[in-house]
Structure formats: C-alpha cells, structure tokens
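Heads up, my_file08.txt below (compact mmCIF, C-alpha atoms):
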```txt
# COMPACT_ATOMS: atom_id res chain seq x y z
CA ALA A 1 2.78 -0.11 -15.50
CA ALA A 2 -0.96 0.12 -14.82
CA LEU A 3 -0.62 3.73 -13.71
CA GLU A 4 1.35 4.60 -16.83
CA ALA A 5 -1.22 2.91 -19.07
CA ALA A 6 -3.96 5.22 -17.79
CA GLN A 7 -1.69 8.27 -18.10
CA LYS A 8 -0.75 7.44 -21.69
CA GLY A 9 -4.24 6.54 -22.91
CA LYS A 10 -3.58 2.80 -23.17
CA SER A 11 -6.41 2.25 -20.67
CA ASP A 12 -9.25 4.46 -19.54
CA MET A 13 -8.62 3.93 -15.84
CA VAL A 14 -6.52 2.12 -13.29
CA MET A 15 -8.02 0.50 -10.24
CA ALA A 16 -7.11 -2.15 -7.69
CA GLY A 17 -5.73 -0.72 -4.49
CA VAL A 18 -4.39 2.44 -6.14
CA THR A 19 -3.34 4.92 -3.50
CA VAL A 20 -3.91 8.62 -4.00
CA ASN A 21 -0.79 10.63 -3.18
CA GLU A 22 0.70 13.99 -4.14
CA ASP A 23 2.97 12.61 -6.88
CA ARG A 24 0.11 10.76 -8.54
CA LEU A 25 -2.24 13.75 -8.23
CA ALA A 26 0.27 15.75 -10.25
CA VAL A 27 -0.14 13.46 -13.27
CA MET A 28 -3.55 11.82 -12.82
CA ASP A 29 -7.08 12.58 -11.70
CA PHE A 30 -8.81 10.33 -9.19
CA SER A 31 -12.31 9.31 -8.29
CA ASP A 32 -13.69 9.64 -4.82
CA SER A 33 -12.12 7.16 -2.41
CA TYR A 34 -13.83 3.77 -2.20
CA ALA A 35 -11.68 2.20 0.54
CA THR A 36 -9.06 2.94 3.13
CA GLY A 37 -5.80 1.04 3.25
CA ILE A 38 -3.67 0.69 6.33
CA GLN A 39 -0.01 -0.20 6.18
CA VAL A 40 1.56 -1.83 9.19
CA VAL A 41 4.95 -3.11 10.28
CA ILE A 42 5.74 -6.77 10.89
CA VAL A 43 8.73 -7.77 13.05
CA LYS A 44 10.08 -10.96 14.55
CA GLU A 45 8.73 -11.81 17.96
CA GLY A 46 10.87 -10.20 20.68
CA SER A 47 12.39 -7.69 18.25
CA ASP A 48 13.66 -4.33 19.50
CA VAL A 49 12.18 -2.59 16.42
CA THR A 50 9.66 0.14 17.19
CA MET A 51 7.87 2.72 15.09
CA ASP A 52 10.30 5.27 16.53
CA ASN A 53 13.53 3.44 15.59
CA LEU A 54 12.32 1.90 12.31
CA GLY A 55 14.56 4.23 10.27
CA GLU A 56 17.63 2.79 11.99
CA LYS A 57 16.76 -0.75 10.88
CA MET A 58 16.70 -2.65 7.60
CA ILE A 59 13.19 -2.72 6.13
CA GLY A 60 11.66 -5.01 3.54
CA ALA A 61 8.76 -3.99 1.29
CA GLN A 62 7.18 -5.13 -1.93
CA ARG A 63 8.71 -3.37 -4.93
CA GLY A 64 6.54 -0.65 -6.46
CA THR A 65 4.11 -0.40 -3.54
CA THR A 66 3.53 2.82 -1.68
CA GLY A 67 5.09 1.17 1.37
CA TYR A 68 8.32 0.80 -0.58
CA ILE A 69 8.04 4.26 -2.14
CA TYR A 70 7.41 6.04 1.17
CA ALA A 71 9.98 4.08 3.18
CA SER A 72 12.77 4.43 0.61
CA ASP A 73 12.18 8.15 0.11
CA SER A 74 14.72 10.58 1.57
CA ILE A 75 14.70 11.46 5.24
CA GLU A 76 13.82 15.05 4.27
CA ASN A 77 10.64 13.73 2.64
CA GLY A 78 9.68 11.56 5.61
CA GLY A 79 11.27 8.31 4.44
CA TYR A 80 14.23 6.34 5.73
CA GLY A 81 16.39 6.40 2.60
CA GLU A 82 17.02 3.75 -0.04
CA ASP A 83 19.91 2.28 1.93
CA HIS A 84 17.45 1.21 4.68
CA VAL A 85 14.93 -0.55 2.41
CA ASN A 86 15.15 -3.76 0.41
CA ALA A 87 12.62 -4.25 -2.40
CA TYR A 88 11.08 -7.69 -2.96
CA ASN A 89 8.90 -8.97 -5.78
CA ASN A 90 6.04 -9.79 -3.41
CA GLY A 91 5.03 -9.69 0.22
CA ALA A 92 5.73 -13.37 0.80
CA THR A 93 9.36 -12.94 -0.27
CA ALA A 94 9.75 -9.95 2.03
CA ILE A 95 8.32 -12.00 4.91
CA ARG A 96 10.72 -14.85 4.14
CA ALA A 97 13.61 -12.33 4.29
CA LEU A 98 12.35 -11.17 7.70
CA ILE A 99 12.14 -14.73 9.02
CA ASN A 100 15.64 -15.45 7.67
CA GLY A 101 17.09 -12.33 9.33
CA GLN A 102 17.86 -10.44 6.12
CA VAL A 103 15.66 -7.51 7.21
CA ASP A 104 14.47 -6.31 10.62
CA ALA A 105 10.92 -5.38 9.62
CA VAL A 106 8.45 -5.55 6.73
CA ILE A 107 6.04 -2.78 5.77
CA ILE A 108 2.89 -4.16 4.15
CA ASP A 109 -0.87 -3.68 3.93
CA ASP A 110 -2.83 -4.76 6.99
CA ALA A 111 -4.85 -7.63 5.44
CA PRO A 112 -1.85 -9.62 4.19
CA ALA A 113 0.07 -8.66 7.33
CA GLN A 114 -2.60 -10.26 9.50
CA ALA A 115 -2.44 -13.44 7.43
CA PHE A 116 1.37 -13.60 7.52
CA VAL A 117 1.43 -13.12 11.30
CA ASN A 118 -1.30 -15.72 11.81
CA ALA A 119 0.62 -18.23 9.67
CA ASN A 120 4.00 -17.54 11.30
CA PRO A 121 3.95 -17.58 15.12
CA GLU A 122 7.46 -16.12 15.24
CA LEU A 123 6.15 -12.84 13.78
CA ASP A 124 4.42 -9.90 15.46
CA LEU A 125 2.75 -6.71 14.33
CA LEU A 126 3.97 -3.46 15.77
CA GLU A 127 1.18 -1.59 17.48
CA GLY A 128 -0.36 1.19 15.43
CA GLU A 129 -0.58 2.11 11.79
CA TRP A 130 2.47 3.04 9.78
CA VAL A 131 0.47 4.85 7.06
CA ILE A 132 -3.23 5.26 6.28
CA GLU A 133 -4.05 5.55 2.57
CA HIS A 134 -7.13 6.15 0.47
CA TYR A 135 -7.80 3.98 -2.58
CA ALA A 136 -9.44 5.45 -5.66
CA ILE A 137 -9.71 4.93 -9.40
CA GLY A 138 -7.14 6.82 -11.46
CA CYS A 139 -7.73 8.40 -14.87
CA ASP A 140 -5.77 10.48 -17.33
CA LYS A 141 -5.30 14.05 -16.08
CA GLY A 142 -8.12 16.29 -17.27
CA ASN A 143 -10.64 13.55 -18.05
CA THR A 144 -13.27 15.07 -15.76
CA GLN A 145 -16.16 13.51 -17.67
CA LEU A 146 -14.88 10.01 -16.92
CA VAL A 147 -14.09 10.86 -13.27
CA GLU A 148 -17.64 12.22 -12.82
CA ALA A 149 -19.12 9.07 -14.38
CA ILE A 150 -16.99 6.84 -12.15
CA ASN A 151 -17.97 8.86 -9.07
CA GLY A 152 -21.65 8.47 -9.94
CA ALA A 153 -21.30 4.72 -10.32
CA LEU A 154 -19.18 4.44 -7.16
CA LYS A 155 -21.76 6.34 -5.13
CA GLU A 156 -24.48 3.90 -6.17
CA LEU A 157 -22.26 0.86 -5.56
CA ILE A 158 -21.18 2.11 -2.14
CA GLU A 159 -24.74 2.92 -1.10
CA ASP A 160 -26.13 -0.49 -2.12
CA GLY A 161 -23.26 -2.37 -0.43
CA THR A 162 -21.69 -3.76 -3.59
CA VAL A 163 -18.30 -2.13 -2.98
CA GLN A 164 -18.11 -3.56 0.53
CA GLN A 165 -19.04 -7.03 -0.77
CA ILE A 166 -16.26 -6.82 -3.35
CA ILE A 167 -13.75 -5.63 -0.74
CA ASP A 168 -14.76 -8.41 1.65
CA LYS A 169 -14.43 -11.04 -1.07
CA TYR A 170 -11.33 -9.88 -2.96
CA ILE A 171 -9.25 -7.53 -0.86
CA THR A 172 -7.91 -10.08 1.52
CA ALA A 173 -4.50 -11.52 2.15
```
As structure tokens, please, write out the structure in this file.
Amino acid sequence: AALEAAQKGKSDMVMAGVTVNEDRLAVMDFSDSYATGIQVVIVKEGSDVTMDNLGEKMIGAQRGTTGYIYASDSIENGGYGEDHVNAYNNGATAIRALINGQVDAVIIDDAPAQAFVNANPELDLLEGEWVIEHYAIGCDKGNTQLVEAINGALKELIEDGTVQQIIDKYITA
C-alpha cells in the first residue's frame, strides 16, 4: 500500500526498508541506497534443509515482503513457486509455523532472524545469505527533482553518521 501511495501521488515518497528491484524500477524512481538488507534462512536445529534443496521444502515468509515475492516466484524467474511458500502476516507467525512443523524453513531479514534464533534454541540459521538487497527511498516515476533533493539530503546524513544512528536504533529485530 505504501508503494502504491507514492506511485499514485497520495504520498511524495515511500521509505522504510524498501528494496529496489526490477519490477519496482519499472514503476518508480529511487534514491541512492542508504542501507543493505540481507535475507537469511531459518530452520529447525538438525534440519536437512540446505540452500541447495530449499526449493524442495515448504517455506514460510512474511506476506508482501521481498522474501515472499522472490521465493514464491516461478522457477523460471529464480523462485520456488507459490506451492512451496506459505505467506504469514508477520515474521513471528512464520517462525511459530516453523517451530510447529508447518513449514521447513523461514526466509526473513537478518536482524529479526538473529533475534528469533537467539530466543528459540531449537532454531538455526543456514550458513550464507539467501538474498542481498539495497534499501532506498521510492518516488513517483519521473520525479527527478525530488529524487535529487532526497539524494542530497541522504549524502549529508550518511556523511555525518545520522543514517547509521537511525539504522542502529530502529532497524533491529
């Protein structure tokens, strides 16, 4: 809904962990990246799930996230297909489904993944990154003046450390 609001002029921009990808670039313009997001895979301890056989398993992901979008995409597009992915309203619900055996793995951002694994000793992280993403601020396609203004402000805020302070404080589990 936030992405659509910026595309339809209901808001000037959308920000908060918005991933830049090809589909979004087709309908929106983006600022320079201000952070990198890493998606990882959580499994139950002792699981036989690996990055290589993930597509043969049942995966949980938060509805509407890029983890869900990428994983549920067709095999031809690099995904595993909708029949291999269950969508949940939030990460905690997906983790509960994993613990209860309803899914074999959960794809989620690294920060919440670390917290979920730390809080649940029966869970493990698969080694490696599933996807690396770049976060940026999205604007209506063609609004170059706003994108340039945002980039100018971002540059200053990155250089003086403000962006990192915000990330450290708010982009946690």
Item to check | Residues within 10 Å of Glu56 in chain A, all atoms listed in the file, excluding chain neighbours under 6 positions, as a PyMOL selection string | outcome: chain A and resi 49-50+80+84+104
Item to check | Residues near range 13-15 of chain A, cut-off 7 Å, all atoms listed in the file, skip fewer than 2 positions along chain, as a PyMOL selection string | outcome: chain A and resi 2-3+6+11+17-18+136-139
Next on the checklist: Can you tell me which residues surround Asn120 in chain A at a distance of at most 12 Å, considering only C-alpha atoms, apart from same-chain residues fewer than 5 positions away, and format the answer as a VMD selection string?
Outcome noted: chain A and resid 42 to 45 92 95 to 96 98 to 99 113 to 115 125
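Here CA of Asn143 in chain A and CA of Ala5 in chain A stand 14.2 Å from one another.
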Next on the checklist: Let me make sure I understand: among A:Asp73, A:Glu127, A:Glu133, A:Asp23, which one has the smallest atom-to-atom distance to Ala35 in chain A if we use all atoms listed in the file?
Outcome noted: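 For Ala35 in chain A, the nearest of the candidates is A:Glu133.
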For range 104-121 of chain A, supply N, CA and C atoms and report the output as a PDB file, in the frame of the given file.
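New file part29.pdb:
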```pdb
ATOM      1  N   ASP A 104      14.949  -6.393   9.237  1.00  0.00           N
ATOM      2  CA  ASP A 104      14.470  -6.310  10.620  1.00  0.00           C
ATOM      3  C   ASP A 104      12.963  -6.118  10.704  1.00  0.00           C
ATOM      4  N   ALA A 105      12.350  -5.668   9.621  1.00  0.00           N
ATOM      5  CA  ALA A 105      10.920  -5.380   9.620  1.00  0.00           C
ATOM      6  C   ALA A 105      10.406  -5.420   8.181  1.00  0.00           C
ATOM      7  N   VAL A 106       9.093  -5.609   8.038  1.00  0.00           N
ATOM      8  CA  VAL A 106       8.450  -5.550   6.730  1.00  0.00           C
ATOM      9  C   VAL A 106       7.270  -4.597   6.830  1.00  0.00           C
ATOM     10  N   ILE A 107       7.180  -3.695   5.872  1.00  0.00           N
ATOM     11  CA  ILE A 107       6.040  -2.780   5.770  1.00  0.00           C
ATOM     12  C   ILE A 107       5.118  -3.346   4.693  1.00  0.00           C
ATOM     13  N   ILE A 108       3.836  -3.504   5.062  1.00  0.00           N
ATOM     14  CA  ILE A 108       2.890  -4.160   4.150  1.00  0.00           C
ATOM     15  C   ILE A 108       1.467  -3.778   4.548  1.00  0.00           C
ATOM     16  N   ASP A 109       0.538  -3.950   3.633  1.00  0.00           N
ATOM     17  CA  ASP A 109      -0.870  -3.680   3.930  1.00  0.00           C
ATOM     18  C   ASP A 109      -1.357  -4.585   5.060  1.00  0.00           C
ATOM     19  N   ASP A 110      -2.342  -4.081   5.796  1.00  0.00           N
ATOM     20  CA  ASP A 110      -2.830  -4.760   6.990  1.00  0.00           C
ATOM     21  C   ASP A 110      -3.402  -6.152   6.715  1.00  0.00           C
ATOM     22  N   ALA A 111      -4.219  -6.319   5.677  1.00  0.00           N
ATOM     23  CA  ALA A 111      -4.850  -7.630   5.440  1.00  0.00           C
ATOM     24  C   ALA A 111      -3.814  -8.740   5.222  1.00  0.00           C
ATOM     25  N   PRO A 112      -2.857  -8.570   4.310  1.00  0.00           N
ATOM     26  CA  PRO A 112      -1.850  -9.620   4.190  1.00  0.00           C
ATOM     27  C   PRO A 112      -0.981  -9.735   5.432  1.00  0.00           C
ATOM     28  N   ALA A 113      -0.735  -8.617   6.109  1.00  0.00           N
ATOM     29  CA  ALA A 113       0.070  -8.660   7.330  1.00  0.00           C
ATOM     30  C   ALA A 113      -0.583  -9.571   8.366  1.00  0.00           C
ATOM     31  N   GLN A 114      -1.885  -9.428   8.539  1.00  0.00           N
ATOM     32  CA  GLN A 114      -2.600 -10.260   9.500  1.00  0.00           C
ATOM     33  C   GLN A 114      -2.445 -11.744   9.140  1.00  0.00           C
ATOM     34  N   ALA A 115      -2.566 -12.049   7.861  1.00  0.00           N
ATOM     35  CA  ALA A 115      -2.440 -13.440   7.430  1.00  0.00           C
ATOM     36  C   ALA A 115      -1.023 -13.969   7.645  1.00  0.00           C
ATOM     37  N   PHE A 116      -0.018 -13.167   7.326  1.00  0.00           N
ATOM     38  CA  PHE A 116       1.370 -13.600   7.520  1.00  0.00           C
ATOM     39  C   PHE A 116       1.666 -13.845   8.998  1.00  0.00           C
ATOM     40  N   VAL A 117       1.193 -12.966   9.863  1.00  0.00           N
ATOM     41  CA  VAL A 117       1.430 -13.120  11.300  1.00  0.00           C
ATOM     42  C   VAL A 117       0.687 -14.348  11.833  1.00  0.00           C
ATOM     43  N   ASN A 118      -0.543 -14.548  11.376  1.00  0.00           N
ATOM     44  CA  ASN A 118      -1.300 -15.720  11.810  1.00  0.00           C
ATOM     45  C   ASN A 118      -0.656 -17.030  11.369  1.00  0.00           C
ATOM     46  N   ALA A 119      -0.010 -17.014  10.207  1.00  0.00           N
ATOM     47  CA  ALA A 119       0.620 -18.230   9.670  1.00  0.00           C
ATOM     48  C   ALA A 119       2.026 -18.462  10.207  1.00  0.00           C
ATOM     49  N   ASN A 120       2.613 -17.452  10.831  1.00  0.00           N
ATOM     50  CA  ASN A 120       4.000 -17.540  11.300  1.00  0.00           C
ATOM     51  C   ASN A 120       4.068 -17.066  12.748  1.00  0.00           C
ATOM     52  N   PRO A 121       3.995 -17.979  13.712  1.00  0.00           N
ATOM     53  CA  PRO A 121       3.950 -17.580  15.120  1.00  0.00           C
ATOM     54  C   PRO A 121       5.181 -16.821  15.598  1.00  0.00           C
TER      55      PRO A 121
END
```
